[in-house]
$ cat run-v6.csv   # CSV, C-alpha atoms
chain,number,residue,atom,x,y,z
A,1,MET,CA,-5.3,24.8,-3.9
A,2,THR,CA,-7.4,27.7,-5.3
A,3,GLY,CA,-11.0,26.6,-5.4
A,4,ALA,CA,-10.5,23.6,-3.1
A,5,ASP,CA,-12.8,22.9,-0.1
A,6,PRO,CA,-10.8,23.7,3.1
A,7,ALA,CA,-12.0,20.3,4.5
A,8,ASP,CA,-10.5,18.5,1.5
A,9,LEU,CA,-7.2,20.3,2.0
A,10,ALA,CA,-7.2,19.5,5.7
A,11,ALA,CA,-7.8,15.8,4.9
A,12,VAL,CA,-4.9,15.7,2.4
A,13,ASP,CA,-2.7,17.6,4.8
A,14,ALA,CA,-3.4,15.1,7.6
A,15,ILE,CA,-2.3,12.2,5.4
A,16,VAL,CA,1.0,13.9,4.6
A,17,ARG,CA,1.6,14.8,8.2
A,18,ALA,CA,0.8,11.3,9.4
A,19,SER,CA,3.4,9.8,7.1
A,20,GLY,CA,6.1,11.1,9.5
A,21,THR,CA,8.5,11.9,6.7
A,22,SER,CA,10.4,15.2,6.1
A,23,PHE,CA,8.4,15.6,2.9
A,24,TYR,CA,5.8,17.9,4.6
A,25,ARG,CA,8.5,20.4,5.6
A,26,GLY,CA,10.5,20.0,2.4
A,27,MET,CA,7.6,21.4,0.3
A,28,ALA,CA,7.5,24.6,2.3
A,29,VAL,CA,9.5,26.4,-0.5
A,30,LEU,CA,6.6,26.0,-2.9
A,31,ALA,CA,3.8,28.5,-3.4
A,32,PRO,CA,0.5,27.4,-1.6
A,33,ASP,CA,-1.2,26.0,-4.7
A,34,ARG,CA,1.8,24.1,-5.9
A,35,ARG,CA,2.4,22.9,-2.3
A,36,ASN,CA,-1.1,21.6,-2.0
A,37,ALA,CA,-0.8,19.9,-5.4
A,38,MET,CA,2.3,18.1,-4.2
A,39,TYR,CA,0.6,17.1,-0.9
A,40,ALA,CA,-2.3,15.6,-3.0
A,41,ILE,CA,0.2,13.7,-5.2
A,42,TYR,CA,2.0,12.4,-2.1
A,43,ALA,CA,-1.3,11.4,-0.4
A,44,PHE,CA,-2.3,9.4,-3.5
A,45,CYS,CA,1.1,7.7,-3.5
A,46,ARG,CA,0.9,7.0,0.2
A,47,ILE,CA,-2.6,5.5,-0.1
A,48,VAL,CA,-1.7,3.1,-2.9
A,49,ASP,CA,1.6,2.2,-1.3
A,50,ASP,CA,-0.2,1.3,1.9
A,51,ILE,CA,-2.6,-0.9,-0.1
A,52,ALA,CA,0.4,-2.7,-1.6
A,53,ASP,CA,2.1,-3.1,1.8
A,54,ASP,CA,-1.0,-4.5,3.5
A,55,GLU,CA,-0.5,-8.0,4.9
A,56,THR,CA,-3.7,-9.2,3.4
A,57,PRO,CA,-3.8,-11.5,0.3
A,58,PHE,CA,-3.5,-10.0,-3.1
A,59,GLU,CA,-7.1,-11.0,-3.9
A,60,THR,CA,-8.2,-8.4,-1.3
A,61,LYS,CA,-5.7,-5.8,-2.5
A,62,LYS,CA,-6.4,-5.9,-6.2
A,63,PRO,CA,-10.0,-4.5,-6.0
A,64,ARG,CA,-8.7,-1.6,-3.9
A,65,LEU,CA,-6.0,-0.9,-6.4
A,66,ASP,CA,-8.5,-1.2,-9.2
A,67,ALA,CA,-10.7,1.2,-7.4
A,68,TRP,CA,-7.9,3.8,-7.6
A,69,ARG,CA,-7.3,3.0,-11.3
A,70,ALA,CA,-11.0,3.9,-11.8
A,71,ARG,CA,-10.7,7.0,-9.7
A,72,ILE,CA,-7.8,8.3,-11.7
A,73,ALA,CA,-9.6,7.5,-15.0
A,74,ALA,CA,-12.7,9.3,-13.6
A,75,LEU,CA,-10.5,12.4,-12.8
A,76,TYR,CA,-9.8,12.8,-16.5
A,77,ALA,CA,-13.5,12.7,-17.2
A,78,GLY,CA,-13.9,15.5,-14.6
A,79,GLN,CA,-15.2,13.4,-11.7
A,80,ALA,CA,-13.9,13.1,-8.2
A,81,ASP,CA,-15.4,11.3,-5.2
A,82,GLU,CA,-13.2,12.0,-2.1
A,83,PRO,CA,-10.8,14.6,-0.7
A,84,VAL,CA,-7.6,13.4,-2.4
A,85,THR,CA,-9.1,13.1,-5.8
A,86,ARG,CA,-11.0,16.4,-5.5
A,87,VAL,CA,-7.7,18.2,-4.8
A,88,LEU,CA,-6.0,16.3,-7.5
A,89,LYS,CA,-8.7,17.3,-10.0
A,90,LEU,CA,-7.8,20.9,-9.4
A,91,ALA,CA,-4.0,20.1,-9.6
A,92,ILE,CA,-4.5,18.3,-12.9
A,93,ALA,CA,-6.2,21.3,-14.4
A,94,ALA,CA,-3.7,23.8,-13.1
A,95,TYR,CA,-0.5,21.9,-13.9
A,96,ASP,CA,-1.4,19.5,-16.7
A,97,LEU,CA,-0.5,16.4,-14.7
A,98,ARG,CA,-0.7,13.3,-16.9
A,99,GLN,CA,-2.9,10.3,-16.4
A,100,ILE,CA,-0.3,7.8,-17.6
A,101,ASP,CA,2.0,8.8,-14.7
A,102,PHE,CA,-0.7,8.2,-12.0
A,103,GLN,CA,-1.5,4.8,-13.6
A,104,ALA,CA,2.2,3.9,-13.7
A,105,VAL,CA,2.5,4.4,-10.0
A,106,ILE,CA,-0.4,2.0,-9.4
A,107,ASP,CA,1.2,-0.5,-11.8
A,108,GLY,CA,4.4,-0.4,-9.7
A,109,MET,CA,2.4,-0.8,-6.4
A,110,GLN,CA,0.6,-3.8,-8.0
A,111,THR,CA,4.0,-5.4,-8.7
A,112,ASP,CA,4.7,-5.2,-5.0
A,113,ALA,CA,1.2,-6.4,-4.1
A,114,GLU,CA,1.0,-9.4,-6.3
A,115,THR,CA,4.6,-10.5,-6.5
A,116,THR,CA,7.2,-11.4,-4.0
A,117,VAL,CA,10.1,-9.7,-5.8
A,118,VAL,CA,13.3,-11.6,-5.6
A,119,ALA,CA,16.3,-10.6,-7.7
A,120,PRO,CA,14.6,-9.0,-10.7
A,121,ASN,CA,16.7,-8.6,-13.8
A,122,MET,CA,18.0,-5.2,-14.7
A,123,ASP,CA,15.2,-4.4,-17.1
A,124,ALA,CA,12.5,-5.4,-14.6
A,125,LEU,CA,14.2,-3.4,-11.9
A,126,ASP,CA,14.5,-0.3,-14.1
A,127,LEU,CA,10.8,-0.6,-15.0
A,128,TYR,CA,9.9,-0.9,-11.3
A,129,CYS,CA,12.0,2.2,-10.5
A,130,ASP,CA,10.3,4.1,-13.3
A,131,GLN,CA,6.8,3.2,-12.0
A,132,VAL,CA,7.3,3.8,-8.3
A,133,ALA,CA,9.7,6.7,-8.4
A,134,SER,CA,10.3,8.4,-11.8
A,135,ALA,CA,6.6,8.5,-12.6
A,136,VAL,CA,6.1,10.4,-9.2
A,137,GLY,CA,8.9,12.6,-10.3
A,138,ARG,CA,7.2,13.4,-13.6
A,139,LEU,CA,4.1,14.5,-11.7
A,140,SER,CA,6.2,16.4,-9.2
A,141,VAL,CA,8.2,18.5,-11.7
A,142,ARG,CA,5.0,19.8,-13.2
A,143,ALA,CA,3.7,20.8,-9.8
A,144,PHE,CA,7.0,22.4,-9.0
A,145,GLY,CA,6.6,24.6,-12.1
A,146,ASP,CA,8.6,23.0,-15.0
A,147,ALA,CA,6.8,20.9,-17.6
A,148,SER,CA,9.6,20.8,-20.1
A,149,ASP,CA,11.2,17.7,-21.6
A,150,HIS,CA,14.3,18.5,-19.7
A,151,ALA,CA,12.3,18.3,-16.4
A,152,ASP,CA,11.1,14.9,-17.4
A,153,ILE,CA,14.7,13.8,-17.9
A,154,VAL,CA,15.5,15.0,-14.4
A,155,ALA,CA,12.6,12.9,-13.1
A,156,TYR,CA,13.9,9.9,-15.1
A,157,HIS,CA,17.3,10.0,-13.5
A,158,LEU,CA,16.4,11.3,-10.0
A,159,GLY,CA,13.6,8.8,-9.6
A,160,ARG,CA,16.0,5.9,-10.3
A,161,ALA,CA,18.7,7.4,-8.1
A,162,LEU,CA,16.3,7.7,-5.1
A,163,GLN,CA,14.7,4.3,-5.6
A,164,LEU,CA,18.1,2.5,-5.9
A,165,THR,CA,19.2,4.3,-2.8
A,166,ASN,CA,16.1,3.1,-1.0
A,167,ILE,CA,16.8,-0.4,-2.1
A,168,LEU,CA,20.4,-0.2,-0.8
A,169,ARG,CA,19.2,1.2,2.5
A,170,ASP,CA,16.4,-1.4,3.0
A,171,ILE,CA,18.1,-4.7,2.1
A,172,ALA,CA,17.6,-6.3,5.6
A,173,GLU,CA,14.1,-5.0,6.0
A,174,ASP,CA,13.1,-6.3,2.5
A,175,ALA,CA,14.8,-9.7,3.3
A,176,GLY,CA,12.6,-9.9,6.4
A,177,ARG,CA,9.7,-9.8,4.0
A,178,ASP,CA,11.3,-12.4,1.7
A,179,ARG,CA,12.1,-9.7,-0.9
A,180,LEU,CA,15.4,-8.9,-2.7
A,181,TYR,CA,15.5,-6.0,-5.1
A,182,LEU,CA,19.2,-6.3,-6.0
A,183,PRO,CA,19.5,-7.1,-9.7
A,184,ARG,CA,19.9,-10.7,-10.8
A,185,GLU,CA,22.8,-10.0,-13.1
A,186,LEU,CA,25.0,-8.5,-10.3
A,187,LEU,CA,24.1,-11.3,-7.9
A,188,GLU,CA,24.8,-14.1,-10.4
A,189,ALA,CA,28.2,-12.5,-11.4
A,190,ALA,CA,29.1,-12.5,-7.7
A,191,LYS,CA,27.8,-16.1,-7.2
A,192,ILE,CA,25.4,-15.0,-4.6
A,193,PRO,CA,22.3,-17.2,-4.1
A,194,LEU,CA,19.0,-15.7,-5.4
A,195,ASN,CA,17.5,-16.0,-2.0
A,196,PRO,CA,17.0,-13.1,0.4
A,197,ALA,CA,18.1,-14.8,3.6
A,198,ALA,CA,21.2,-16.4,1.9
A,199,ALA,CA,22.1,-13.2,0.1
A,200,LEU,CA,22.0,-11.2,3.3
A,201,VAL,CA,24.9,-13.0,4.8
A,202,HIS,CA,27.0,-13.7,1.7
A,203,PRO,CA,30.5,-12.2,1.9
A,204,ALA,CA,30.2,-10.8,-1.7
A,205,LEU,CA,27.1,-8.8,-1.0
A,206,PRO,CA,28.9,-5.5,-0.1
A,207,THR,CA,30.6,-5.7,-3.5
A,208,VAL,CA,27.3,-6.0,-5.3
A,209,CYS,CA,25.9,-3.2,-3.2
A,210,ALA,CA,28.8,-1.0,-4.2
A,211,GLU,CA,28.2,-1.8,-7.9
A,212,LEU,CA,24.6,-0.8,-7.6
A,213,ALA,CA,25.6,2.3,-5.7
A,214,ASP,CA,27.8,3.3,-8.6
A,215,ILE,CA,24.7,3.1,-10.9
A,216,ALA,CA,22.7,5.2,-8.5
A,217,GLN,CA,25.5,7.8,-8.3
A,218,GLY,CA,25.5,8.0,-12.1
A,219,HIS,CA,21.8,8.8,-12.0
A,220,PHE,CA,22.3,11.5,-9.3
A,221,GLU,CA,25.0,13.1,-11.5
A,222,ASP,CA,22.9,13.0,-14.6
A,223,ALA,CA,19.9,14.4,-12.8
A,224,ALA,CA,22.0,17.3,-11.4
A,225,ALA,CA,23.3,18.1,-14.9
A,226,TRP,CA,19.8,18.2,-16.4
A,227,MET,CA,18.5,20.4,-13.6
A,228,ASP,CA,20.8,23.1,-14.9
A,229,GLN,CA,18.7,23.1,-18.1
A,230,CYS,CA,15.5,23.6,-16.1
A,231,ASP,CA,13.8,26.5,-14.3
A,232,LYS,CA,16.0,27.2,-11.3
A,233,ARG,CA,13.2,28.0,-8.9
A,234,ALA,CA,11.1,25.0,-9.9
A,235,MET,CA,14.1,22.7,-9.3
A,236,LYS,CA,14.6,23.7,-5.7
A,237,PRO,CA,12.7,20.8,-4.1
A,238,ALA,CA,14.3,18.4,-6.6
A,239,ARG,CA,17.7,19.6,-5.7
A,240,LEU,CA,17.0,19.2,-2.0
A,241,MET,CA,15.7,15.6,-2.5
A,242,GLY,CA,18.7,14.8,-4.7
A,243,ALA,CA,21.2,16.2,-2.3
A,244,THR,CA,19.6,14.5,0.7
A,245,TYR,CA,19.5,11.1,-0.9
A,246,ALA,CA,23.0,11.5,-2.4
A,247,ALA,CA,24.3,12.2,1.1
A,248,LEU,CA,22.4,9.1,2.3
A,249,LEU,CA,24.0,7.0,-0.5
A,250,GLN,CA,27.5,8.2,0.7
A,251,ALA,CA,26.6,7.3,4.3
A,252,LEU,CA,25.7,3.8,3.0
A,253,ARG,CA,29.0,3.6,1.2
A,254,ARG,CA,30.9,4.5,4.3
A,255,ALA,CA,29.0,1.9,6.3
A,256,GLY,CA,29.9,-0.6,3.6
A,257,TRP,CA,26.9,-2.8,4.0
A,258,ARG,CA,28.7,-4.7,6.7
A,259,ASN,CA,26.0,-4.6,9.3
A,260,LEU,CA,22.7,-4.5,7.4
A,261,HIS,CA,20.6,-4.6,10.6
A,262,ARG,CA,22.0,-1.3,11.8
A,263,PRO,CA,20.0,1.6,10.2
A,264,VAL,CA,21.9,4.2,8.2
A,265,LYS,CA,20.4,7.6,8.6
A,266,LEU,CA,21.4,11.2,8.1
A,267,SER,CA,21.8,13.3,11.3
A,268,LYS,CA,19.3,16.1,12.0
A,269,LEU,CA,22.2,18.5,11.7
A,270,ARG,CA,23.1,17.2,8.3
A,271,LYS,CA,19.5,17.5,7.1
A,272,LEU,CA,19.3,21.1,8.4
A,273,TRP,CA,22.5,22.0,6.6
A,274,LEU,CA,21.2,20.6,3.4
A,275,ALA,CA,17.9,22.5,3.8
A,276,LEU,CA,19.8,25.7,4.5
A,277,ARG,CA,22.1,25.2,1.5
A,278,TYR,CA,19.2,24.7,-0.9
A,279,GLY,CA,17.2,27.6,0.5
A,280,LEU,CA,14.3,25.7,1.9
A,281,LEU,CA,14.3,27.2,5.3

$ encode --input "run-v6.csv" --output "structure tokens"
Amino acid sequence: MTGADPADLAAVDAIVRASGTSFYRGMAVLAPDRRNAMYAIYAFCRIVDDIADDETPFETKKPRLDAWRARIAALYAGQADEPVTRVLKLAIAAYDLRQIDFQAVIDGMQTDAETTVVAPNMDALDLYCDQVASAVGRLSVRAFGDASDHADIVAYHLGRALQLTNILRDIAEDAGRDRLYLPRELLEAAKIPLNPAAALVHPALPTVCAELADIAQGHFEDAAAWMDQCDKRAMKPARLMGATYAALLQALRRAGWRNLHRPVKLSKLRKLWLALRYGLL
């Protein structure tokens, strides 16, 4: 990031690398300043997500989340107190990142931190997806290089598609934490108990998962359509994320949610093919 202390950039870089995801390599298509802005956005999300996932009581998590609320507010008053916020301060100035989107991410993490989420209704699930995924998308498209209303619509749909895919992938893992993110309306229609352990073994669960997959697929399709209205170069990372997660959703469909304890992943060859197709290597 132009003007950033190299030590701050190194600290942010280390957080992203330590996450062990493909995100670090996926941002290689971006120009250095945009890439460093994305790394800082990701590092912020990683930090607040780790707070929410901590096994400590909510009473110990809330002050840490509140401290990040204060840090974000301070950024918009021109103040930063550690490496991630110092890089974010430069990214905010360069790409007009919005405070409301950072705060929405924290709101979503607080939902996970203070609540054992079990079968939220559709509206609550949609809000959660907006906070933990679409808000990140709204920050990201600006760092990618498109701050248009059309890009915000891409973030709306793609964020929901990605988060619903995550939910469909992680049903067993979430149930192990006494959580169930599948929507109440679908579970009740299928007469599935609103209990993570019971839902996990119910014979109608694959049907509910397929219905939610249809909703996710609709968001993938809408996101792709709106990408065509956006800056082509700016949408490259979004297209890769969309294609990768859409492929994962299809893999989940093929597995049919019949063995929820067997992880469903894309092969390295499949990921490589997607990266080559979308020009990120």

$ closest_residue --input "run-v6.csv" --among "A:Phe220, A:Phe144, A:Trp68, A:Trp226" --to "Leu249 (chain A)" --atoms "all atoms listed in the file"
A:Phe220

$ residues_around --input "run-v6.csv" --residues "Arg64 (chain A)" --least-positions-apart "5" --cutoff "12 Å" --atoms "all atoms listed in the file" --output "list in words"
Ile47, Val48, Asp49, Asp50, Ile51, Ala52, Asp54, Thr56, Pro57, Phe58, Glu59, Arg69, Ala70, Arg71, Ile106, Met109, Gln110 and Ala113 of chain A

$ residues_around --input "run-v6.csv" --residues "Gly108 (chain A)" --least-positions-apart "2" --cutoff "7 Å" --atoms "all atoms listed in the file" --output "PyMOL selection string"
chain A and resi 104-106+110-112+128+131-132

$ residues_around --input "run-v6.csv" --residues "Leu168 (chain A)" --least-positions-apart "6" --cutoff "12 Å" --atoms "all atoms listed in the file" --output "NGL selection string"
:A and (161-162 or 174-175 or 180-183 or 200 or 205-216 or 245 or 248-253 or 255-257 or 260 or 263-264)

$ closest_residue --input "run-v6.csv" --among "A:Asp170, A:Asp123, A:Glu221, A:Glu188" --to "Lys265 (chain A)" --atoms "all atoms listed in the file"
A:Asp170

$ closest_residue --input "run-v6.csv" --among "A:Thr60, A:Ser140, A:Gln229, A:Ser134" --to "Leu97 (chain A)" --atoms "only C-alpha atoms"
A:Ser140

$ atom_distance --input "run-v6.csv" --atom1 "CA of Asp126 (chain A)" --atom2 "CA of Ala225 (chain A)"
20.4 Å
